[in-house]
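File shown here: target21.cif, holding mmCIF, C-alpha atoms and all ligand atoms.
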data_run
#
loop_
_atom_site.label_atom_id
_atom_site.label_comp_id
_atom_site.auth_asym_id
_atom_site.auth_seq_id
_atom_site.Cartn_x
_atom_site.Cartn_y
_atom_site.Cartn_z
CA MET H 18 29.05 -25.26 8.87
CA LYS H 19 26.05 -23.31 10.10
CA PHE H 20 22.53 -23.77 8.68
CA PHE H 21 20.39 -20.65 8.38
CA LEU H 22 16.81 -20.64 7.13
CA ASP H 23 16.10 -18.14 4.34
CA THR H 24 12.51 -17.24 5.12
CA ALA H 25 10.25 -14.94 7.09
CA ASN H 26 7.71 -17.74 7.60
CA LEU H 27 7.36 -18.37 11.33
CA ASP H 28 5.97 -21.92 10.93
CA GLN H 29 8.97 -22.97 8.82
CA ILE H 30 11.34 -21.39 11.34
CA ARG H 31 9.61 -23.25 14.21
CA GLU H 32 9.81 -26.54 12.28
CA ALA H 33 13.54 -26.10 11.58
CA GLN H 34 14.19 -25.05 15.17
CA GLU H 35 12.41 -28.21 16.40
CA LEU H 36 14.61 -30.30 14.09
CA GLY H 37 17.53 -29.07 16.20
CA ILE H 38 19.88 -28.01 13.42
CA LEU H 39 18.98 -24.35 12.98
CA ASP H 40 21.72 -21.76 13.59
CA GLY H 41 20.00 -18.60 12.34
CA VAL H 42 17.66 -16.94 9.86
CA THR H 43 18.07 -14.60 6.90
CA THR H 44 15.28 -12.45 5.53
CA ASN H 45 15.00 -9.92 2.74
CA PRO H 46 12.26 -7.46 1.71
CA SER H 47 10.85 -9.96 -0.84
CA LEU H 48 10.56 -12.70 1.80
CA MET H 49 8.83 -10.30 4.23
CA ALA H 50 6.41 -9.26 1.47
CA ARG H 51 5.70 -12.95 0.69
CA GLU H 52 4.43 -13.34 4.27
CA GLY H 53 2.25 -10.24 3.87
CA ILE H 54 4.21 -8.27 6.48
CA SER H 55 3.92 -4.54 5.80
CA GLY H 56 4.20 -1.30 7.77
CA ARG H 57 7.27 -0.33 9.81
CA ASN H 58 5.90 -1.48 13.19
CA ASN H 59 4.70 -4.85 11.88
CA ILE H 60 8.01 -5.45 10.15
CA LEU H 61 10.01 -4.64 13.30
CA GLN H 62 7.71 -6.84 15.42
CA HIS H 63 8.13 -9.69 12.93
CA TYR H 64 11.91 -9.57 13.38
CA ILE H 65 11.43 -9.77 17.14
CA ASP H 66 9.07 -12.74 16.68
CA ILE H 67 11.72 -14.52 14.58
CA CYS H 68 14.39 -13.83 17.24
CA ASP H 69 12.09 -15.32 19.89
CA ILE H 70 11.95 -18.64 17.97
CA VAL H 71 15.51 -19.17 16.75
CA ILE H 72 18.67 -19.24 18.84
CA GLY H 73 21.15 -17.54 16.51
CA ASP H 74 21.74 -14.63 14.16
CA VAL H 75 18.79 -13.09 12.32
CA SER H 76 19.57 -10.89 9.30
CA ALA H 77 17.23 -7.90 8.89
CA GLU H 78 17.68 -5.82 5.74
CA VAL H 79 17.69 -2.02 5.49
CA ILE H 80 15.39 -0.48 2.87
CA ALA H 81 17.18 2.87 2.56
CA THR H 82 19.80 3.19 -0.17
CA ASP H 83 21.43 6.45 1.02
CA LEU H 84 24.13 6.35 3.69
CA GLU H 85 22.26 8.41 6.27
CA GLY H 86 19.11 6.31 5.86
CA MET H 87 21.03 3.01 6.05
CA ILE H 88 22.73 4.12 9.26
CA ARG H 89 19.44 5.28 10.81
CA GLU H 90 17.60 2.07 9.88
CA GLY H 91 20.53 -0.17 10.78
CA LYS H 92 20.74 1.34 14.26
CA GLU H 93 17.01 0.84 14.77
CA LEU H 94 17.21 -2.78 13.57
CA SER H 95 20.26 -3.69 15.66
CA GLY H 96 18.63 -2.11 18.73
CA LEU H 97 15.61 -4.42 18.37
CA HIS H 98 17.29 -7.58 19.64
CA PRO H 99 20.88 -8.78 20.32
CA GLN H 100 20.48 -11.50 17.66
CA ILE H 101 19.86 -9.02 14.82
CA VAL H 102 22.51 -8.66 12.12
CA VAL H 103 22.01 -5.62 9.86
CA LYS H 104 21.78 -6.68 6.22
CA ILE H 105 23.16 -4.08 3.83
CA PRO H 106 23.35 -4.22 0.01
CA MET H 107 26.66 -4.14 -1.83
CA THR H 108 26.72 -0.54 -3.04
CA ARG H 109 29.12 2.35 -2.52
CA GLU H 110 26.90 3.68 0.29
CA GLY H 111 26.53 0.13 1.62
CA ILE H 112 30.31 -0.23 1.99
CA MET H 113 30.43 3.06 3.93
CA ALA H 114 27.57 1.95 6.17
CA ILE H 115 29.28 -1.40 6.86
CA LYS H 116 32.49 0.44 7.83
CA HIS H 117 30.48 2.73 10.10
CA PHE H 118 28.77 -0.22 11.84
CA SER H 119 32.03 -2.13 12.09
CA ARG H 120 33.53 0.74 14.12
CA LEU H 121 30.49 0.60 16.42
CA GLU H 122 30.81 -3.23 16.66
CA ILE H 123 27.35 -3.62 15.11
CA ARG H 124 27.28 -6.84 13.07
CA THR H 125 26.49 -6.70 9.35
CA ASN H 126 25.66 -9.02 6.46
CA CYS H 127 26.67 -7.60 3.07
CA THR H 128 24.05 -8.89 0.63
CA LEU H 129 23.74 -9.18 -3.17
CA ILE H 130 27.34 -10.32 -3.64
CA PHE H 131 28.06 -11.65 -7.14
CA SER H 132 31.84 -11.26 -7.54
CA ILE H 133 35.12 -11.82 -5.72
CA GLY H 134 35.90 -8.08 -5.88
CA GLN H 135 32.66 -7.25 -4.06
CA ALA H 136 33.49 -9.87 -1.40
CA LEU H 137 36.97 -8.37 -0.95
CA LEU H 138 35.57 -4.87 -0.42
CA ALA H 139 32.91 -6.05 2.03
CA ALA H 140 35.53 -7.87 4.11
CA LYS H 141 37.85 -4.83 4.09
CA ALA H 142 34.95 -2.70 5.34
CA GLY H 143 34.50 -5.15 8.23
CA ALA H 144 31.34 -7.08 7.29
CA THR H 145 30.53 -9.94 9.68
CA TYR H 146 29.04 -11.96 6.81
CA VAL H 147 29.02 -11.72 3.02
CA SER H 148 26.14 -13.26 1.09
CA PRO H 149 27.08 -14.49 -2.41
CA PHE H 150 23.87 -15.46 -4.27
CA ILE H 151 24.86 -18.73 -5.89
CA GLY H 152 21.49 -19.75 -7.37
CA ARG H 153 21.10 -16.44 -9.19
CA LEU H 154 24.62 -16.88 -10.64
CA ASP H 155 23.80 -20.43 -11.78
CA ASP H 156 20.69 -18.94 -13.44
CA ILE H 157 22.94 -16.90 -15.74
CA SER H 158 25.40 -19.76 -16.44
CA VAL H 159 28.03 -18.63 -13.93
CA ASP H 160 29.22 -21.23 -11.40
CA GLY H 161 27.97 -19.97 -8.02
CA VAL H 162 29.75 -22.63 -5.96
CA GLU H 163 33.08 -21.70 -7.59
CA LEU H 164 32.56 -18.13 -6.33
CA ILE H 165 32.08 -19.51 -2.80
CA ARG H 166 35.31 -21.51 -3.13
CA SER H 167 37.25 -18.44 -4.36
CA ILE H 168 35.97 -16.17 -1.58
CA VAL H 169 36.75 -18.76 1.12
CA GLN H 170 40.29 -19.09 -0.27
CA LEU H 171 40.77 -15.30 -0.47
CA TYR H 172 39.59 -14.78 3.11
CA ARG H 173 41.94 -17.54 4.31
CA THR H 174 44.91 -15.99 2.48
CA TYR H 175 44.37 -12.59 4.09
CA ARG H 176 42.95 -13.90 7.38
CA PHE H 177 39.71 -11.91 7.12
CA ASP H 178 37.24 -12.72 9.92
CA THR H 179 34.27 -12.20 7.57
CA GLN H 180 32.17 -15.35 7.23
CA VAL H 181 31.00 -16.62 3.84
CA LEU H 182 27.22 -17.09 3.96
CA ALA H 183 26.17 -18.93 0.81
CA ALA H 184 22.77 -17.54 -0.21
CA SER H 185 20.25 -18.19 -2.96
CA VAL H 186 20.78 -21.89 -2.28
CA ARG H 187 18.16 -23.76 -4.27
CA HIS H 188 18.61 -27.52 -3.62
CA SER H 189 20.26 -30.13 -1.42
CA MET H 190 23.25 -30.57 -3.76
CA HIS H 191 24.00 -26.86 -3.39
CA ILE H 192 24.28 -27.36 0.38
CA ILE H 193 26.74 -30.24 -0.05
CA GLN H 194 28.80 -28.31 -2.63
CA CYS H 195 28.92 -25.23 -0.38
CA ALA H 196 30.08 -27.38 2.54
CA GLU H 197 32.84 -28.87 0.36
CA ALA H 198 33.83 -25.39 -0.80
CA GLY H 199 34.29 -24.29 2.82
CA ALA H 200 31.30 -21.93 3.26
CA HIS H 201 30.86 -20.96 6.92
CA VAL H 202 27.06 -20.79 6.54
CA VAL H 203 24.38 -21.80 4.03
CA THR H 204 20.98 -20.17 4.01
CA CYS H 205 18.03 -21.76 2.20
CA PRO H 206 14.38 -22.77 2.56
CA LEU H 207 13.59 -25.82 4.72
CA LYS H 208 13.03 -28.19 1.75
CA PRO H 209 16.68 -28.54 0.62
CA ILE H 210 17.71 -29.20 4.24
CA LEU H 211 15.07 -31.93 4.61
CA GLY H 212 16.28 -33.33 1.28
CA LEU H 213 19.56 -34.26 2.99
CA ILE H 214 17.76 -36.70 5.30
CA ASP H 215 16.29 -39.25 2.93
CA HIS H 216 18.11 -42.08 1.17
CA PRO H 217 16.39 -45.15 -0.38
CA LEU H 218 18.96 -47.48 1.22
CA THR H 219 18.23 -45.97 4.66
CA THR H 220 14.48 -46.53 4.13
CA ALA H 221 14.97 -50.10 2.83
CA GLY H 222 17.51 -50.90 5.56
CA LEU H 223 15.21 -49.68 8.33
CA GLU H 224 12.25 -51.63 6.91
CA LYS H 225 14.36 -54.82 6.88
CA PHE H 226 15.62 -54.28 10.46
CA LEU H 227 12.06 -53.79 11.71
CA ALA H 228 10.70 -56.77 9.72
CA ASP H 229 13.43 -59.04 11.15
CA HIS H 230 12.68 -57.79 14.66
CA ARG H 231 8.93 -58.39 14.18
CA LYS H 232 9.52 -62.01 13.04
CA LEU H 233 10.79 -62.99 16.50
CA ASN H 234 8.94 -60.48 18.63
CA SER H 235 5.29 -60.57 17.59
C1 LIG H 301 19.88 -14.16 1.01
O1 LIG H 301 20.01 -13.73 2.13
C2 LIG H 301 18.67 -13.98 0.19
O2 LIG H 301 17.58 -13.77 1.07
C3 LIG H 301 18.30 -15.19 -0.60
O3 LIG H 301 19.14 -16.29 -0.38
C4 LIG H 301 17.93 -14.93 -2.01
O4 LIG H 301 17.60 -16.15 -2.64
P1 LIG H 301 16.78 -16.26 -4.02
O5 LIG H 301 17.73 -16.05 -5.14
O6 LIG H 301 16.25 -17.65 -4.00
O7 LIG H 301 15.71 -15.19 -3.95
#
Please lay out the structure from this file as structure tokens.
Amino acid sequence: MKFFLDTANLDQIREAQELGILDGVTTNPSLMAREGISGRNNILQHYIDICDIVIGDVSAEVIATDLEGMIREGKELSGLHPQIVVKIPMTREGIMAIKHFSRLEIRTNCTLIFSIGQALLAAKAGATYVSPFIGRLDDISVDGVELIRSIVQLYRTYRFDTQVLAASVRHSMHIIQCAEAGAHVVTCPLKPILGLIDHPLTTAGLEKFLADHRKLNS
């Protein structure tokens, strides 16, 4: 399973890259705004800066909602860097744009997926990734991880190449549940990934090993 970082924060991306487990980055307009990145040129440069840090796919989202605008922006984004994946929302125009890019072999990430039917359509249109938002489903008492499991199963049944990129992942347990459900990728902030490292028995065990070593070697 691949680990993507869901942020536009360059320091966090550097930290995850140094950890050695980072496979890519996803961004969205809210995450770019959180970093104070505004203006077309600054936004495009920020995507290039992210690509220069991480070795792996970097999702960059279109702002246009009409087909012509999505295609124009998507071409500009994909031309920025070979690592860019064009992120397109699940709308009628979005499906058409994904189909268009699929014919041109431009990679896409269909975002804002909340149902199995949306995931089916995105795969049929040729999306490289689909992004089901599991945390936002959990927020409204719908089991997000179950949606991941259903999409993975559906894609296996019909041998779709589309990868399931679990998004809106809020905590470490989500990562584990997505792995068990067969997600190809999880994307989340750095904190839930770091949360996988610590265990009180690891800490206690290491302290004891070092104390025993010190007894005979000091
Ligand atoms: C996915 O690509 C989105 O950027 C993201 O995971 C949304 O997460 P949120 O629900 O925490 O905003």
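Counting all atoms listed in the file and comparing H:Leu121, H:Met18, H:Ile80, H:Asp229, the residue that lies closest to Ala200 (chain H) is H:Met18.
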**Fill in**
Here CA of Ile54 (chain H) and CA of Val71 (chain H) stand apart by 18.8 Å
**Message:** Any residue with an atom at most 7 Å from ligand LIG 301 (chain H) counts, using all atoms listed in the file. Which are they? Put them as a ChimeraX atom specification.
**Reply:** /H:23,43-45,128,148,150,152-153,184-187,204-205
**Request:** Choose the residue, out of H:Gln29, H:Gln100, H:Ser55, H:Ser158, that has the smallest atom-to-atom separation from Thr125 (chain H); count all atoms listed in the file.
**Result:** H:Gln100
**Message:** Excluding Glu197 (chain H) and its own-chain neighbours fewer than 3 positions away, which residues fall within 12 Å of it when counting all atoms listed in the file? Please give them as number ranges by chain.
**Reply:** H: 18, 162-163, 165-166, 169, 183, 190-194, 200-203
Please produce an output containing C-alpha atoms for each residue in the selection, written as a short mmCIF file (atom, residue, chain, number, x, y, z; two decimals), in the coordinates of the input.
data_model
loop_
_atom_site.label_atom_id
_atom_site.label_comp_id
_atom_site.auth_asym_id
_atom_site.auth_seq_id
_atom_site.Cartn_x
_atom_site.Cartn_y
_atom_site.Cartn_z
CA MET H 18 29.05 -25.26 8.87
CA VAL H 162 29.75 -22.63 -5.96
CA GLU H 163 33.08 -21.70 -7.59
CA ILE H 165 32.08 -19.51 -2.80
CA ARG H 166 35.31 -21.51 -3.13
CA VAL H 169 36.75 -18.76 1.12
CA ALA H 183 26.17 -18.93 0.81
CA MET H 190 23.25 -30.57 -3.76
CA HIS H 191 24.00 -26.86 -3.39
CA ILE H 192 24.28 -27.36 0.38
CA ILE H 193 26.74 -30.24 -0.05
CA GLN H 194 28.80 -28.31 -2.63
CA ALA H 200 31.30 -21.93 3.26
CA HIS H 201 30.86 -20.96 6.92
CA VAL H 202 27.06 -20.79 6.54
CA VAL H 203 24.38 -21.80 4.03
#
**Request:** Could you pull out every residue with an atom within 8 Å of (34.3, -10.1, 4.9), file coordinates, counting all atoms listed in the file, and send them as a PyMOL selection string?
**Result:** chain H and resi 136-147+172+177-181
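Distances here use all atoms listed in the file; by that measure, the residue among H:Leu129, H:Val42, H:Leu207, H:Leu218 closest to Ile72 (chain H) is H:Val42.
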**Residue neighbourhood Val102 (chain H), 7 Å, all atoms listed in the file, exclusion window fewer than 2 positions, as a PyMOL selection string** = chain H and resi 74-77+95+100+104+124-126
**Request:** Within 12 Å of His63 (chain H), counting all atoms listed in the file, which residues show up once you throw out same-chain ones fewer than 6 positions away? Write them as a count of residues only, please.
**Result:** 22
